[in-house]
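Have a look at the structure below before the remarks.
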Amino acid sequence: VFDRFGGRCCHHQHVSSLSRRSLSRSLSSPSRSVSRSVSSSLKVSRVVLASVSASPAYETRGPESVPSTQRVPLTTGVLDDPSASSSSSSTQPPLLKFYRDTNAWCPFCERVWLALEAKQIPYECEFVDLRNKPKWFTDMVPTGLVPAARFNSDDALVWESADILRELEERFPDVKLTPDDEEATQYMNEFIEKEVEAKDTLTAIGYRYLIGGAFGEERDPSKLPELKEALDEAVERAKPYFD
């Protein structure tokens with residue numbers, strides 16, 4: 001949910017002050033229906049703001065190295081929770097191993113990382129070179145894709161970012177990123193099903209219009225009216241979630 005409402009998280013050092021101000025405004029005045037289902041997700045967005053203004057947690061390095069795994073320091077109040085102090089959970093024994101991309105820009109890895117930081121779960125990070133995936137990783141993860149997470153308590157392996165996020169909520173409920181009441185939970189799940197996990201989401205249709213076709217296809221300007229019509233229909237369909 002955060003990935004769609006808050007935008008895909010980029011390298012912190014590349015986020016402009018204008019982007020930070022715009023995100024701050026969007027956090028301070030969410031629409032009534034959206035705030036009902038993503039109030040907890042806005043907490044994660046505040047982690048982004050804290051990350052941007054604090055220090056680069058994932059700095060891009062040379063091709064022979066990997067990004068830094070320095071934890072982002074969170075100040076009291078970032079999560080509207082006094083327990084979320086500036087002390088890092090990295091001093092505690094890791095509860096899971098998080099497998100992610102060496103590029104440090106995969107949005108699916110980023111949203112798992114944001115959830116780990118927001119929930120202050122101690123974790124160990126292992127980077128996987130997507131251009132040259134090691135055999136041990138492709139043998140371990142059936143899809144061969146990142147992110148993945150292995151939990152230390154029972155050695156359970158989970159892949160696909162949405163499934164990892166659900167697992168984190170179930171295993172670590174102290175800091176919740178999902179609504180408490182049944183109506184809001186149903187509303188959130190409905191949005192995820194229709195506009196996050198479905199094939200033709202607003203984001204997917206908008207991306208096809210933006211690049212002039214499906215990813216990997218040759219651009220065909222004659223298809224733009226058709227793509228624009230599909231985008232207009234998707235916007236109308238998604239309106240109830242944003243009004």
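Letters for chains follow the order of the structure tokens (A, B, ...), residue numbers begin at 1 for each chain, and ligand numbers begin at 1 in the order shown.
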Query raised in the report: Leaving out A:Gly213 and any residue of its chain fewer than 6 positions from it, which residues lie within 8 Å of it when counting only C-alpha atoms, given as a ChimeraX atom specification?
Result: /A:219-220,223,227
Write the residues of the preceding selection, restricted to C-alpha atoms, as a compact mmCIF listing (two decimals), in the first residue's frame.
# COMPACT_ATOMS: atom_id res chain seq x y z
CA ARG A 219 6.67 1.95 -29.12
CA ASP A 220 3.65 2.53 -31.33
CA LYS A 223 -1.78 3.07 -29.68
CA LEU A 227 -3.82 3.61 -23.90
Query - Spatial neighbours of A:Phe151, 10 Å, only C-alpha atoms, chain gap at least 5 places, as a ChimeraX atom specification - result: /A:94-98,123,156-158,167-168,171
Keeping only C-alpha atoms, write those residues as a PDB file, in the first residue's frame.
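The result, stored in result.pdb:
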ATOM      1  CA  PRO A  94      19.052 -10.361  14.067  1.00  0.00           C
ATOM      2  CA  LEU A  95      15.689 -12.098  13.854  1.00  0.00           C
ATOM      3  CA  LEU A  96      15.850 -12.706  10.126  1.00  0.00           C
ATOM      4  CA  LYS A  97      18.054 -12.460   7.060  1.00  0.00           C
ATOM      5  CA  PHE A  98      16.806 -10.090   4.351  1.00  0.00           C
ATOM      6  CA  TYR A 123      17.755  -8.089  10.706  1.00  0.00           C
ATOM      7  CA  ALA A 156      11.092 -20.400   7.294  1.00  0.00           C
ATOM      8  CA  LEU A 157      11.839 -18.853   3.905  1.00  0.00           C
ATOM      9  CA  VAL A 158       9.377 -16.349   2.419  1.00  0.00           C
ATOM     10  CA  GLU A 167       4.538 -12.376   7.474  1.00  0.00           C
ATOM     11  CA  LEU A 168       6.189  -9.447   9.265  1.00  0.00           C
ATOM     12  CA  ARG A 171       5.197 -12.397  13.466  1.00  0.00           C
TER      13      ARG A 171
END
Query raised in the report: In Å to one decimal, how far is atom CA of A:Ile211 from atom CA of A:Lys228?
Result: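 Separation between atom CA of A:Lys228 and atom CA of A:Ile211: 11.6 Å.
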Query raised in the report: Which residues, written as a ChimeraX atom specification, have at least one atom at most 6 Å from A:Thr102, with only C-alpha atoms counted and residues fewer than 2 positions away on the same chain left out?
Result: /A:66,104,127-129
Can those selected residues be exported to a file as an mmCIF file, in the first residue's frame so that it contains N, CA, C and O atoms?
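Listed below is the output, out_32.cif:
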data_model
loop_
_atom_site.group_PDB
_atom_site.id
_atom_site.type_symbol
_atom_site.label_atom_id
_atom_site.label_comp_id
_atom_site.auth_asym_id
_atom_site.auth_seq_id
_atom_site.Cartn_x
_atom_site.Cartn_y
_atom_site.Cartn_z
ATOM 1 N N VAL A 66 29.075 -3.433 -2.477
ATOM 2 C CA VAL A 66 27.631 -3.384 -2.241
ATOM 3 C C VAL A 66 27.312 -2.155 -1.408
ATOM 4 O O VAL A 66 28.208 -1.546 -0.814
ATOM 5 N N ALA A 104 20.214 -1.520 -4.704
ATOM 6 C CA ALA A 104 19.515 -0.769 -3.653
ATOM 7 C C ALA A 104 18.471 0.171 -4.218
ATOM 8 O O ALA A 104 18.247 1.247 -3.684
ATOM 9 N N PHE A 127 23.125 -9.024 0.182
ATOM 10 C CA PHE A 127 22.858 -8.469 -1.139
ATOM 11 C C PHE A 127 23.068 -9.513 -2.233
ATOM 12 O O PHE A 127 24.014 -10.295 -2.187
ATOM 13 N N VAL A 128 22.188 -9.484 -3.218
ATOM 14 C CA VAL A 128 22.239 -10.417 -4.342
ATOM 15 C C VAL A 128 22.423 -9.619 -5.625
ATOM 16 O O VAL A 128 21.641 -8.708 -5.914
ATOM 17 N N ASP A 129 23.455 -9.947 -6.376
ATOM 18 C CA ASP A 129 23.725 -9.268 -7.647
ATOM 19 C C ASP A 129 22.736 -9.786 -8.686
ATOM 20 O O ASP A 129 22.815 -10.942 -9.105
#
Query raised in the report: Which residue, A:Lys119, A:Arg100, A:Lys133, A:Lys176, has the smallest gap to A:Trp159 when you use only C-alpha atoms?
Result: A:Arg100
Query raised in the report: Distance atom CA of A:Thr91-atom CA of A:Val141, one decimal place?
Result: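 Answer for the atom CA of A:Thr91 to atom CA of A:Val141 separation: 28.3 Å.
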Query raised in the report: Neighbours of A:Gly206 within 12 Å (only C-alpha atoms; same-chain residues fewer than 2 positions away dropped), as a PyMOL selection string?
Result: chain A and resi 195+200-204+208-215+224+227-235
Report task. Name all residues at most 12 Å from A:Glu197 (count only C-alpha atoms; drop same-chain ones fewer than 2 positions away) and give them as an NGL selection string. Result -> :A and (1 or 3-4 or 160-163 or 189-195 or 199-204)
N, CA and C atoms of the current selection, written as a compact mmCIF listing (two decimals), in the first residue's frame:
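Done, and the output landed in again_37.txt:
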# COMPACT_ATOMS: atom_id res chain seq x y z
N VAL A 1 0.83 -1.19 0.00
CA VAL A 1 0.00 0.00 0.00
C VAL A 1 0.86 1.24 0.00
N ASP A 3 3.78 1.63 -1.17
CA ASP A 3 4.47 1.80 -2.44
C ASP A 3 3.61 2.58 -3.42
N ARG A 4 2.28 2.39 -3.35
CA ARG A 4 1.40 3.08 -4.29
C ARG A 4 1.03 4.48 -3.81
N GLU A 160 8.56 -12.95 -2.36
CA GLU A 160 7.52 -12.03 -2.82
C GLU A 160 7.26 -10.99 -1.72
N SER A 161 7.43 -9.71 -2.09
CA SER A 161 7.38 -8.64 -1.09
C SER A 161 6.06 -8.59 -0.33
N ALA A 162 4.93 -8.78 -1.02
CA ALA A 162 3.64 -8.72 -0.34
C ALA A 162 3.52 -9.82 0.71
N ASP A 163 4.01 -11.01 0.39
CA ASP A 163 3.95 -12.12 1.34
C ASP A 163 4.88 -11.87 2.53
N ASN A 189 -7.62 -4.36 2.24
CA ASN A 189 -7.44 -5.58 1.46
C ASN A 189 -8.10 -5.48 0.09
N GLU A 190 -9.22 -4.80 0.03
CA GLU A 190 -9.90 -4.60 -1.24
C GLU A 190 -9.05 -3.75 -2.17
N PHE A 191 -8.47 -2.71 -1.62
CA PHE A 191 -7.61 -1.84 -2.44
C PHE A 191 -6.39 -2.62 -2.94
N ILE A 192 -5.77 -3.38 -2.06
CA ILE A 192 -4.58 -4.15 -2.44
C ILE A 192 -4.92 -5.14 -3.55
N GLU A 193 -6.05 -5.82 -3.40
CA GLU A 193 -6.46 -6.82 -4.39
C GLU A 193 -6.70 -6.18 -5.76
N LYS A 194 -7.36 -5.02 -5.77
CA LYS A 194 -7.75 -4.41 -7.04
C LYS A 194 -6.67 -3.52 -7.65
N GLU A 195 -5.92 -2.80 -6.80
CA GLU A 195 -5.01 -1.80 -7.33
C GLU A 195 -3.54 -2.02 -7.01
N LYS A 199 -3.70 -7.60 -12.23
CA LYS A 199 -2.88 -7.46 -13.44
C LYS A 199 -2.94 -6.04 -13.99
N ASP A 200 -4.16 -5.52 -14.14
CA ASP A 200 -4.32 -4.19 -14.74
C ASP A 200 -4.65 -3.16 -13.67
N THR A 201 -3.65 -2.84 -12.84
CA THR A 201 -3.83 -1.81 -11.81
C THR A 201 -3.69 -0.44 -12.44
N LEU A 202 -4.09 0.57 -11.71
CA LEU A 202 -3.94 1.95 -12.18
C LEU A 202 -2.47 2.24 -12.46
N THR A 203 -1.59 1.77 -11.59
CA THR A 203 -0.16 2.01 -11.78
C THR A 203 0.34 1.36 -13.07
N ALA A 204 -0.06 0.10 -13.30
CA ALA A 204 0.40 -0.61 -14.50
C ALA A 204 -0.12 0.04 -15.78
